[in-house]
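File shown: my_file_23.cif. Contents: mmCIF, C-alpha atoms and all ligand atoms.
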data_target
loop_
_atom_site.group_PDB
_atom_site.id
_atom_site.type_symbol
_atom_site.label_atom_id
_atom_site.label_comp_id
_atom_site.auth_asym_id
_atom_site.auth_seq_id
_atom_site.Cartn_x
_atom_site.Cartn_y
_atom_site.Cartn_z
ATOM 1 C CA VAL C 1 111.214 17.014 39.941
ATOM 2 C CA PHE C 2 111.204 15.325 36.565
ATOM 3 C CA SER C 3 113.215 12.150 36.857
ATOM 4 C CA ARG C 4 113.915 9.510 39.434
ATOM 5 C CA ASP C 5 116.533 10.159 42.057
ATOM 6 C CA VAL C 6 118.824 7.218 41.318
ATOM 7 C CA SER C 7 119.658 6.849 44.987
ATOM 8 C CA CYS C 8 116.037 6.200 46.032
ATOM 9 C CA ILE C 9 114.807 2.770 47.085
ATOM 10 C CA PRO C 10 114.548 0.180 44.282
ATOM 11 C CA TYR C 11 111.577 1.074 42.143
ATOM 12 C CA TYR C 12 110.578 -2.438 41.058
ATOM 13 C CA GLU C 13 110.416 -3.657 44.649
ATOM 14 C CA GLU C 14 108.505 -0.514 45.643
ATOM 15 C CA CYS C 15 105.862 -1.233 42.954
ATOM 16 C CA GLN C 16 105.737 -4.901 43.937
ATOM 17 C CA LYS C 17 105.187 -3.985 47.590
ATOM 18 C CA THR C 18 102.262 -1.750 46.654
ATOM 19 C CA ALA C 19 100.795 -4.401 44.331
ATOM 20 C CA ASP C 20 101.117 -7.072 47.044
ATOM 21 C CA TRP C 21 99.458 -4.753 49.574
ATOM 22 C CA LEU C 22 96.500 -4.287 47.220
ATOM 23 C CA LEU C 23 96.292 -7.963 46.203
ATOM 24 C CA SER C 24 96.157 -9.025 49.829
ATOM 25 C CA ARG C 25 93.151 -6.728 50.379
ATOM 26 C CA THR C 26 91.031 -7.200 47.258
ATOM 27 C CA LYS C 27 89.354 -10.280 45.891
ATOM 28 C CA HIS C 28 89.467 -8.848 42.360
ATOM 29 C CA LYS C 29 92.255 -9.755 39.929
ATOM 30 C CA PRO C 30 91.941 -6.948 37.387
ATOM 31 C CA LYS C 31 92.889 -7.438 33.747
ATOM 32 C CA PHE C 32 91.811 -3.896 32.827
ATOM 33 C CA ALA C 33 92.954 -0.631 34.376
ATOM 34 C CA ILE C 34 91.121 2.579 33.533
ATOM 35 C CA ILE C 35 92.589 6.004 34.321
ATOM 36 C CA CYS C 36 89.874 8.638 34.748
ATOM 37 C CA GLY C 37 90.674 12.084 33.339
ATOM 38 C CA SER C 38 89.668 15.442 34.818
ATOM 39 C CA GLY C 39 86.089 15.335 36.038
ATOM 40 C CA LEU C 40 85.663 11.789 34.728
ATOM 41 C CA GLY C 41 85.852 9.934 38.048
ATOM 42 C CA MET C 42 82.227 8.860 37.706
ATOM 43 C CA LEU C 43 83.320 6.423 34.986
ATOM 44 C CA ALA C 44 83.889 4.022 37.885
ATOM 45 C CA GLU C 45 80.301 4.220 39.083
ATOM 46 C CA THR C 46 79.111 1.298 36.943
ATOM 47 C CA LEU C 47 81.555 -1.085 38.616
ATOM 48 C CA GLN C 48 79.837 -3.916 40.498
ATOM 49 C CA ASP C 49 81.049 -5.290 43.812
ATOM 50 C CA GLN C 50 83.311 -2.307 44.486
ATOM 51 C CA GLU C 51 86.309 -2.196 46.778
ATOM 52 C CA VAL C 52 87.758 1.273 47.288
ATOM 53 C CA PHE C 53 91.265 2.222 48.444
ATOM 54 C CA LYS C 54 92.115 5.855 49.131
ATOM 55 C CA TYR C 55 95.529 6.881 47.795
ATOM 56 C CA SER C 56 96.407 8.145 51.278
ATOM 57 C CA ASP C 57 96.076 4.566 52.603
ATOM 58 C CA ILE C 58 98.070 2.829 49.848
ATOM 59 C CA PRO C 59 101.799 2.414 50.541
ATOM 60 C CA ASN C 60 104.042 4.491 48.257
ATOM 61 C CA PHE C 61 101.113 6.088 46.408
ATOM 62 C CA PRO C 62 101.299 9.807 45.557
ATOM 63 C CA GLN C 63 98.366 12.096 46.468
ATOM 64 C CA SER C 64 96.012 13.890 44.057
ATOM 65 C CA THR C 65 96.034 17.674 44.324
ATOM 66 C CA VAL C 66 93.824 18.700 41.377
ATOM 67 C CA GLN C 67 90.105 19.492 41.586
ATOM 68 C CA GLY C 68 88.162 16.806 39.693
ATOM 69 C CA HIS C 69 90.617 14.038 40.683
ATOM 70 C CA VAL C 70 89.209 12.288 43.768
ATOM 71 C CA GLY C 71 92.243 10.223 44.769
ATOM 72 C CA GLN C 72 91.248 6.588 45.090
ATOM 73 C CA LEU C 73 91.509 3.220 43.355
ATOM 74 C CA VAL C 74 88.232 1.422 42.763
ATOM 75 C CA PHE C 75 88.306 -2.320 42.100
ATOM 76 C CA GLY C 76 85.261 -4.152 40.815
ATOM 77 C CA GLU C 77 83.596 -5.913 37.910
ATOM 78 C CA LEU C 78 82.407 -4.402 34.669
ATOM 79 C CA LYS C 79 80.256 -6.871 32.733
ATOM 80 C CA ARG C 80 81.945 -9.668 34.725
ATOM 81 C CA LYS C 81 85.446 -8.437 33.860
ATOM 82 C CA ALA C 82 87.647 -7.506 36.793
ATOM 83 C CA CYS C 83 88.808 -3.892 36.503
ATOM 84 C CA VAL C 84 90.618 -1.273 38.528
ATOM 85 C CA TYR C 85 89.761 2.405 38.060
ATOM 86 C CA MET C 86 92.078 5.217 39.004
ATOM 87 C CA GLN C 87 89.834 8.053 40.174
ATOM 88 C CA GLY C 88 92.396 10.806 40.002
ATOM 89 C CA ARG C 89 95.671 10.803 38.117
ATOM 90 C CA PHE C 90 98.965 12.552 38.779
ATOM 91 C CA HIS C 91 100.292 15.324 36.562
ATOM 92 C CA MET C 92 103.812 16.573 36.051
ATOM 93 C CA TYR C 93 102.664 20.163 36.711
ATOM 94 C CA GLU C 94 101.639 19.195 40.263
ATOM 95 C CA GLY C 95 105.335 18.767 40.988
ATOM 96 C CA HIS C 96 105.326 14.969 40.940
ATOM 97 C CA SER C 97 108.379 13.318 39.402
ATOM 98 C CA LEU C 98 107.499 11.385 36.263
ATOM 99 C CA TYR C 99 108.295 8.158 38.041
ATOM 100 C CA LYS C 100 105.590 9.030 40.591
ATOM 101 C CA VAL C 101 103.200 10.116 37.806
ATOM 102 C CA THR C 102 103.600 6.674 36.222
ATOM 103 C CA PHE C 103 103.975 4.634 39.425
ATOM 104 C CA PRO C 104 100.341 3.374 39.329
ATOM 105 C CA VAL C 105 100.809 2.008 35.795
ATOM 106 C CA ARG C 106 103.666 -0.202 36.934
ATOM 107 C CA VAL C 107 101.658 -1.275 39.954
ATOM 108 C CA PHE C 108 98.829 -2.227 37.573
ATOM 109 C CA LYS C 109 101.262 -4.361 35.596
ATOM 110 C CA GLN C 110 102.272 -6.133 38.787
ATOM 111 C CA LEU C 111 98.617 -6.644 39.717
ATOM 112 C CA GLY C 112 98.247 -8.669 36.511
ATOM 113 C CA VAL C 113 96.564 -5.987 34.384
ATOM 114 C CA GLU C 114 96.886 -6.591 30.625
ATOM 115 C CA THR C 115 95.098 -3.597 29.096
ATOM 116 C CA LEU C 116 95.345 0.059 30.095
ATOM 117 C CA ILE C 117 92.542 2.426 29.088
ATOM 118 C CA VAL C 118 93.474 6.080 29.521
ATOM 119 C CA THR C 119 90.963 8.920 29.416
ATOM 120 C CA ASN C 120 91.580 12.643 29.561
ATOM 121 C CA ALA C 121 90.025 16.054 29.049
ATOM 122 C CA ALA C 122 91.581 17.902 26.123
ATOM 123 C CA GLY C 123 91.243 21.044 24.040
ATOM 124 C CA SER C 124 90.674 20.651 20.314
ATOM 125 C CA LEU C 125 92.890 22.084 17.605
ATOM 126 C CA ALA C 126 91.226 20.164 14.774
ATOM 127 C CA ASP C 127 88.804 22.517 13.004
ATOM 128 C CA SER C 128 86.173 19.809 12.592
ATOM 129 C CA TYR C 129 85.937 18.823 16.287
ATOM 130 C CA LYS C 130 83.160 20.090 18.537
ATOM 131 C CA VAL C 131 82.995 20.446 22.311
ATOM 132 C CA GLY C 132 81.690 17.153 23.710
ATOM 133 C CA ASP C 133 83.263 15.018 20.969
ATOM 134 C CA ILE C 134 85.206 11.926 21.963
ATOM 135 C CA MET C 135 88.532 11.310 20.271
ATOM 136 C CA VAL C 136 89.937 7.794 20.012
ATOM 137 C CA ILE C 137 93.665 8.422 20.422
ATOM 138 C CA LYS C 138 95.526 7.157 17.386
ATOM 139 C CA ASP C 139 98.932 8.412 18.471
ATOM 140 C CA HIS C 140 100.524 11.078 20.637
ATOM 141 C CA VAL C 141 103.191 13.743 20.630
ATOM 142 C CA ASN C 142 104.963 13.704 23.983
ATOM 143 C CA PHE C 143 106.382 17.243 24.103
ATOM 144 C CA PRO C 144 107.980 16.924 27.543
ATOM 145 C CA GLY C 145 109.352 13.537 26.467
ATOM 146 C CA LEU C 146 110.867 14.989 23.297
ATOM 147 C CA ALA C 147 112.537 17.635 25.451
ATOM 148 C CA GLY C 148 114.063 15.001 27.747
ATOM 149 C CA TYR C 149 111.431 14.909 30.506
ATOM 150 C CA ASN C 150 110.636 11.280 29.860
ATOM 151 C CA ALA C 151 109.197 8.828 32.383
ATOM 152 C CA LEU C 152 111.750 6.274 31.150
ATOM 153 C CA SER C 153 114.747 8.522 31.870
ATOM 154 C CA GLY C 154 117.142 7.204 34.461
ATOM 155 C CA PRO C 155 118.400 3.673 35.005
ATOM 156 C CA ASN C 156 116.384 1.083 33.055
ATOM 157 C CA ASP C 157 115.102 -1.939 34.967
ATOM 158 C CA GLU C 158 114.841 -4.767 32.413
ATOM 159 C CA ARG C 159 112.213 -6.437 34.609
ATOM 160 C CA PHE C 160 109.838 -3.710 33.399
ATOM 161 C CA GLY C 161 110.998 -3.523 29.797
ATOM 162 C CA PRO C 162 113.825 -2.702 27.374
ATOM 163 C CA ARG C 163 116.054 0.367 27.443
ATOM 164 C CA PHE C 164 114.915 1.533 23.999
ATOM 165 C CA PRO C 165 111.258 0.569 23.518
ATOM 166 C CA SER C 166 109.490 1.129 20.198
ATOM 167 C CA MET C 167 106.528 3.518 20.320
ATOM 168 C CA SER C 168 105.436 3.223 16.687
ATOM 169 C CA ASP C 169 102.461 0.977 17.477
ATOM 170 C CA THR C 170 101.560 2.248 20.923
ATOM 171 C CA TYR C 171 97.772 2.671 20.743
ATOM 172 C CA ASP C 172 96.508 -0.824 19.967
ATOM 173 C CA LYS C 173 95.207 -1.023 16.399
ATOM 174 C CA ASP C 174 92.628 -3.761 17.120
ATOM 175 C CA LEU C 175 91.199 -1.894 20.089
ATOM 176 C CA ARG C 176 90.958 1.318 18.053
ATOM 177 C CA GLY C 177 89.155 -0.571 15.295
ATOM 178 C CA LEU C 178 86.848 -2.176 17.827
ATOM 179 C CA ALA C 179 86.044 1.225 19.353
ATOM 180 C CA LEU C 180 85.274 2.799 15.990
ATOM 181 C CA ASP C 181 82.987 -0.127 15.046
ATOM 182 C CA LEU C 182 81.342 0.148 18.441
ATOM 183 C CA SER C 183 80.762 3.887 17.989
ATOM 184 C CA ILE C 184 78.656 3.041 14.910
ATOM 185 C CA LYS C 185 76.685 0.342 16.764
ATOM 186 C CA LEU C 186 76.007 2.697 19.678
ATOM 187 C CA GLY C 187 74.946 5.562 17.367
ATOM 188 C CA TYR C 188 77.934 7.642 18.507
ATOM 189 C CA SER C 189 79.741 7.947 15.191
ATOM 190 C CA HIS C 190 78.720 11.610 14.654
ATOM 191 C CA PHE C 191 80.722 12.647 17.727
ATOM 192 C CA VAL C 192 83.494 10.028 17.825
ATOM 193 C CA GLN C 193 86.707 11.049 16.075
ATOM 194 C CA GLU C 194 90.130 9.492 15.761
ATOM 195 C CA GLY C 195 93.177 11.723 16.124
ATOM 196 C CA VAL C 196 96.507 12.706 17.585
ATOM 197 C CA TYR C 197 96.816 13.869 21.208
ATOM 198 C CA CYS C 198 99.631 16.111 22.314
ATOM 199 C CA MET C 199 100.873 16.394 25.869
ATOM 200 C CA VAL C 200 102.234 19.751 26.984
ATOM 201 C CA GLY C 201 103.603 20.410 30.466
ATOM 202 C CA GLY C 202 100.903 22.831 31.652
ATOM 203 C CA PRO C 203 99.517 24.040 33.991
ATOM 204 C CA ASN C 204 98.734 27.117 31.894
ATOM 205 C CA PHE C 205 96.543 26.717 28.835
ATOM 206 C CA GLU C 206 98.004 27.578 25.419
ATOM 207 C CA THR C 207 98.861 31.016 24.115
ATOM 208 C CA ILE C 208 97.452 31.806 20.667
ATOM 209 C CA ALA C 209 100.920 31.384 19.155
ATOM 210 C CA GLU C 210 101.349 27.980 20.832
ATOM 211 C CA ALA C 211 97.901 26.910 19.635
ATOM 212 C CA ARG C 212 98.787 27.900 16.066
ATOM 213 C CA LEU C 213 102.054 25.989 16.299
ATOM 214 C CA LEU C 214 100.334 22.810 17.537
ATOM 215 C CA HIS C 215 97.674 23.173 14.837
ATOM 216 C CA LYS C 216 100.350 23.515 12.141
ATOM 217 C CA LEU C 217 102.004 20.363 13.475
ATOM 218 C CA GLY C 218 98.823 18.415 12.743
ATOM 219 C CA ILE C 219 97.835 17.849 16.361
ATOM 220 C CA ASP C 220 94.121 17.294 16.920
ATOM 221 C CA ALA C 221 93.823 17.662 20.698
ATOM 222 C CA VAL C 222 96.049 18.968 23.482
ATOM 223 C CA GLY C 223 96.201 18.153 27.173
ATOM 224 C CA MET C 224 98.544 17.910 30.146
ATOM 225 C CA SER C 225 98.722 14.179 30.875
ATOM 226 C CA THR C 226 98.504 10.673 29.401
ATOM 227 C CA ALA C 227 101.752 10.463 27.419
ATOM 228 C CA PRO C 228 103.970 9.457 30.400
ATOM 229 C CA GLU C 229 101.450 6.813 31.538
ATOM 230 C CA VAL C 230 101.186 5.438 28.010
ATOM 231 C CA VAL C 231 104.942 5.348 27.425
ATOM 232 C CA VAL C 232 105.435 3.409 30.657
ATOM 233 C CA ALA C 233 102.526 1.069 29.841
ATOM 234 C CA LYS C 234 103.988 0.283 26.423
ATOM 235 C CA HIS C 235 107.429 -0.185 27.967
ATOM 236 C CA CYS C 236 106.109 -2.845 30.355
ATOM 237 C CA GLY C 237 104.044 -4.649 27.722
ATOM 238 C CA LEU C 238 100.499 -3.460 28.431
ATOM 239 C CA LYS C 239 98.007 -3.008 25.612
ATOM 240 C CA VAL C 240 96.972 0.631 25.432
ATOM 241 C CA PHE C 241 93.740 2.298 24.412
ATOM 242 C CA GLY C 242 92.942 5.994 24.920
ATOM 243 C CA LEU C 243 89.999 8.401 24.733
ATOM 244 C CA SER C 244 90.117 12.200 24.890
ATOM 245 C CA LEU C 245 86.968 14.107 25.773
ATOM 246 C CA ILE C 246 87.007 17.410 23.901
ATOM 247 C CA THR C 247 86.080 19.923 26.597
ATOM 248 C CA ASN C 248 86.939 23.118 24.727
ATOM 249 C CA GLN C 249 88.182 24.589 21.467
ATOM 250 C CA VAL C 250 91.709 25.923 21.789
ATOM 251 C CA LEU C 251 91.633 29.575 20.670
ATOM 252 C CA LYS C 252 93.717 30.214 17.567
ATOM 253 C CA GLU C 253 92.638 33.793 16.851
ATOM 254 C CA TYR C 254 93.487 36.972 18.755
ATOM 255 C CA GLY C 255 90.773 39.310 20.026
ATOM 256 C CA SER C 256 88.267 36.768 21.390
ATOM 257 C CA ASN C 257 86.558 37.307 24.734
ATOM 258 C CA GLU C 258 86.342 33.548 25.286
ATOM 259 C CA ALA C 259 88.887 31.906 27.576
ATOM 260 C CA VAL C 260 89.166 28.333 28.766
ATOM 261 C CA ASN C 261 89.435 27.537 32.470
ATOM 262 C CA HIS C 262 89.440 24.383 34.587
ATOM 263 C CA GLU C 263 85.843 24.919 35.776
ATOM 264 C CA LYS C 264 84.596 24.903 32.173
ATOM 265 C CA VAL C 265 86.612 21.748 31.510
ATOM 266 C CA LEU C 266 85.007 20.055 34.535
ATOM 267 C CA GLU C 267 81.533 21.224 33.489
ATOM 268 C CA ILE C 268 81.825 19.518 30.082
ATOM 269 C CA SER C 269 83.404 16.411 31.626
ATOM 270 C CA LYS C 270 80.455 16.128 33.999
ATOM 271 C CA LYS C 271 77.981 16.511 31.119
ATOM 272 C CA ARG C 272 79.648 13.900 28.897
ATOM 273 C CA ALA C 273 80.901 11.424 31.506
ATOM 274 C CA GLY C 274 77.801 9.224 31.096
ATOM 275 C CA ILE C 275 78.446 8.749 27.370
ATOM 276 C CA LEU C 276 82.111 8.013 27.997
ATOM 277 C CA GLN C 277 81.142 5.570 30.723
ATOM 278 C CA ASP C 278 78.850 3.633 28.339
ATOM 279 C CA PHE C 279 81.524 3.642 25.659
ATOM 280 C CA VAL C 280 84.200 2.250 28.000
ATOM 281 C CA THR C 281 81.777 -0.309 29.485
ATOM 282 C CA GLU C 282 80.741 -1.640 26.081
ATOM 283 C CA LEU C 283 84.328 -1.675 24.878
ATOM 284 C CA VAL C 284 85.510 -3.712 27.864
ATOM 285 C CA ALA C 285 82.536 -6.047 27.371
ATOM 286 C CA GLN C 286 83.452 -6.615 23.719
ATOM 287 C CA ILE C 287 87.171 -7.149 24.142
ATOM 288 C CA ASN C 288 87.004 -10.794 25.158
ATOM 289 C CA SER C 289 84.095 -11.697 22.922
ATOM 290 C CA ASN C 290 86.154 -10.574 19.938
ATOM 291 C CA ASN C 291 89.275 -12.284 21.247
ATOM 292 C CA THR C 292 91.008 -8.928 20.933
ATOM 293 C CA ASN C 293 92.671 -9.392 24.279
HETATM 294 O O1 LIG C 301 93.903 14.674 33.781
HETATM 295 P P1 LIG C 301 93.478 15.334 32.513
HETATM 296 O O2 LIG C 301 94.494 15.249 31.438
HETATM 297 O O3 LIG C 301 92.123 14.827 32.035
HETATM 298 O O4 LIG C 301 93.281 16.876 32.862
HETATM 299 C C1 LIG C 301 93.202 17.954 31.927
HETATM 300 C C2 LIG C 301 94.562 18.629 31.833
HETATM 301 C C3 LIG C 301 94.589 19.444 33.102
HETATM 302 O O5 LIG C 301 94.963 18.640 34.191
HETATM 303 C C4 LIG C 301 93.165 19.870 33.282
HETATM 304 C C5 LIG C 301 92.915 21.240 32.719
HETATM 305 O O6 LIG C 301 91.572 21.607 32.901
HETATM 306 O O7 LIG C 301 92.372 18.917 32.522
HETATM 307 N N1 LIG C 302 96.824 22.012 27.466
HETATM 308 C C1 LIG C 302 95.505 21.921 27.515
HETATM 309 N N2 LIG C 302 94.939 21.032 28.342
HETATM 310 C C2 LIG C 302 93.598 20.960 28.370
HETATM 311 N N3 LIG C 302 92.794 20.163 29.079
HETATM 312 C C3 LIG C 302 91.515 20.486 28.757
HETATM 313 N N4 LIG C 302 91.493 21.470 27.849
HETATM 314 C C4 LIG C 302 92.782 21.780 27.596
HETATM 315 C C5 LIG C 302 93.409 22.730 26.724
HETATM 316 O O1 LIG C 302 92.767 23.492 26.006
HETATM 317 N N5 LIG C 302 94.773 22.751 26.737
#

With the file now loaded, output its structure as structure tokens.
Ligand SMILES: O=P(O)(O)O[C@@H]1C[C@H](O)[C@@H](CO)O1
Ligand SMILES: Nc1nc2[nH]cnc2c(=O)[nH]1
Amino acid sequence: VFSRDVSCIPYYEECQKTADWLLSRTKHKPKFAIICGSGLGMLAETLQDQEVFKYSDIPNFPQSTVQGHVGQLVFGELKRKACVYMQGRFHMYEGHSLYKVTFPVRVFKQLGVETLIVTNAAGSLADSYKVGDIMVIKDHVNFPGLAGYNALSGPNDERFGPRFPSMSDTYDKDLRGLALDLSIKLGYSHFVQEGVYCMVGGPNFETIAEARLLHKLGIDAVGMSTAPEVVVAKHCGLKVFGLSLITNQVLKEYGSNEAVNHEKVLEISKKRAGILQDFVTELVAQINSNNTN
């Protein structure tokens, strides 16, 4: 489930075939790819001149199985910049191998994408965060990766990137700076944070003891995605920027009647998607004008 069966068909060629299929059907040549987190599919709604491809029609593409993840690629223009949005991502807990989870990222690279913007829904561990806050991801802890469930496990294809890639500067410093400046200009600074995201395997939410452990480790927000996509993006030379929408506080005390569930996560995502959409749109608009990309 977790790594690539080394006997399967060549992965690079498989990605190339999918990229070629898409390129022969869309007039857009995206430089930005945006992955929509749980309940955040509407981020794509502002795209002009849309062309939509259902995952079920795209060769080699996995299928979405989680509520709040529609399952289609949307190509179009955001402020005259060609983009591709992934409305629905793949999670390890769905039973996808990590090479399938990260397959779209490598396809994006072969489409000519230069910058990957990841979004996700996450629970907060940081005491100062509130539900509805947006966290600019400064760094991540890839728990499955640390335990050996890494999207880069298996034979390394140098055409994608090196065997031992550095991850010390994964979330682009200039883009983070740009986003924080932008949050001030947009009047968002009271709910925009910068912090560390942690990926756990899921699909269950954290026990109190797990929440306390993650809190002690200095993690600000926890979720069940993103790290594999980001590791693969960095490996193949994409610039990476990430935003977590804080959909809930992770309980750290026993005896509470509160409990998180996916419906509550989707409810907050729906409420805050508009703000996230504006933030991403303005960020993409600014990237060229600042020569950050
Ligand atoms: O795809 P993301 O990371 O946004 O989804 C989060 C993690 C789980 O898939 C789900 C839990 O509600 O939301
Ligand atoms: N692991 C985890 N994932 C989430 N996604 C949204 N909220 C949460 C959470 O509290 N924990």

Which protein, DNA or RNA residues have an atom within 6 Å of ligand LIG 301 (chain C), counting only C-alpha atoms and all ligand atoms, as a ChimeraX atom specification?
-> /C:37-38,120-121,223-225,262,265

Within-6 Å residues of ligand LIG 302 (chain C), basis all atoms listed in the file, as a compact mmCIF listing (two decimals) with C-alpha atoms, keeping the file's coordinate frame:
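What ended up in pocket37.txt:
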# COMPACT_ATOMS: atom_id res chain seq x y z
CA ALA C 121 90.02 16.05 29.05
CA ALA C 122 91.58 17.90 26.12
CA GLY C 123 91.24 21.04 24.04
CA VAL C 200 102.23 19.75 26.98
CA GLY C 202 100.90 22.83 31.65
CA PHE C 205 96.54 26.72 28.84
CA GLU C 206 98.00 27.58 25.42
CA VAL C 222 96.05 18.97 23.48
CA GLY C 223 96.20 18.15 27.17
CA MET C 224 98.54 17.91 30.15
CA THR C 247 86.08 19.92 26.60
CA ASN C 248 86.94 23.12 24.73
CA VAL C 250 91.71 25.92 21.79
CA VAL C 265 86.61 21.75 31.51

Run the PyMOL selection byres (((chain C and resi 178) around 9) and not hetatm) mentally over the shown coordinates, then write out the matched residues as a tab-separated table (two decimals) with C-alpha atoms, keeping the file's coordinate frame, using the chain letters and numbers from the document.
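Written out: selection-v7.tsv:
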chain	number	residue	atom	x	y	z
C	173	LYS	CA	95.21	-1.02	16.40
C	174	ASP	CA	92.63	-3.76	17.12
C	175	LEU	CA	91.20	-1.89	20.09
C	176	ARG	CA	90.96	1.32	18.05
C	177	GLY	CA	89.16	-0.57	15.30
C	179	ALA	CA	86.04	1.23	19.35
C	180	LEU	CA	85.27	2.80	15.99
C	181	ASP	CA	82.99	-0.13	15.05
C	182	LEU	CA	81.34	0.15	18.44
C	183	SER	CA	80.76	3.89	17.99
C	283	LEU	CA	84.33	-1.68	24.88
C	286	GLN	CA	83.45	-6.62	23.72
C	287	ILE	CA	87.17	-7.15	24.14
C	290	ASN	CA	86.15	-10.57	19.94
C	292	THR	CA	91.01	-8.93	20.93

Would you give the centre and edge lengths, in Å to one decimal, of a box along x, y and z around the listed atoms of range 227-230 of chain C, with 6 Å added to each side, as AutoDock Vina command-line options?
--center_x 102.6 --center_y 8.0 --center_z 29.5 --size_x 14.8 --size_y 17.0 --size_z 16.1

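The interatomic distance for the pair CA of Tyr85 in chain C and CA of Gln72 in chain C works out to 8.3 Å.
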
For Ala209 in chain C: contacts at 12 Å, all atoms listed in the file, fewer than 4 positions along chain excluded, given as a PyMOL selection string | chain C and resi 205+213-216+250-254

Next, the residues of the selection above should be written as a compact mmCIF listing (two decimals), in the coordinates of the input with C-alpha atoms.
# COMPACT_ATOMS: atom_id res chain seq x y z
CA PHE C 205 96.54 26.72 28.84
CA LEU C 213 102.05 25.99 16.30
CA LEU C 214 100.33 22.81 17.54
CA HIS C 215 97.67 23.17 14.84
CA LYS C 216 100.35 23.52 12.14
CA VAL C 250 91.71 25.92 21.79
CA LEU C 251 91.63 29.58 20.67
CA LYS C 252 93.72 30.21 17.57
CA GLU C 253 92.64 33.79 16.85
CA TYR C 254 93.49 36.97 18.76

Report as a list in words the residues that result from applying the PyMOL selection byres (((chain C and resi 57) around 12) and not hetatm) to the structure here.
-> Thr18, Trp21, Leu22, Arg25, Val52, Phe53, Lys54, Tyr55, Ser56, Ile58, Pro59, Asn60, Phe61, Pro62, Gln63, Gly71, Gln72 and Leu73 of chain C

Quick one: residues within 12 Å of Ala221 in chain C, only C-alpha atoms counted, chain neighbours fewer than 4 positions away excluded, as a PyMOL selection string?
-> chain C and resi 120-131+133-141+193-200+206+211+214-215+217+225+243-250
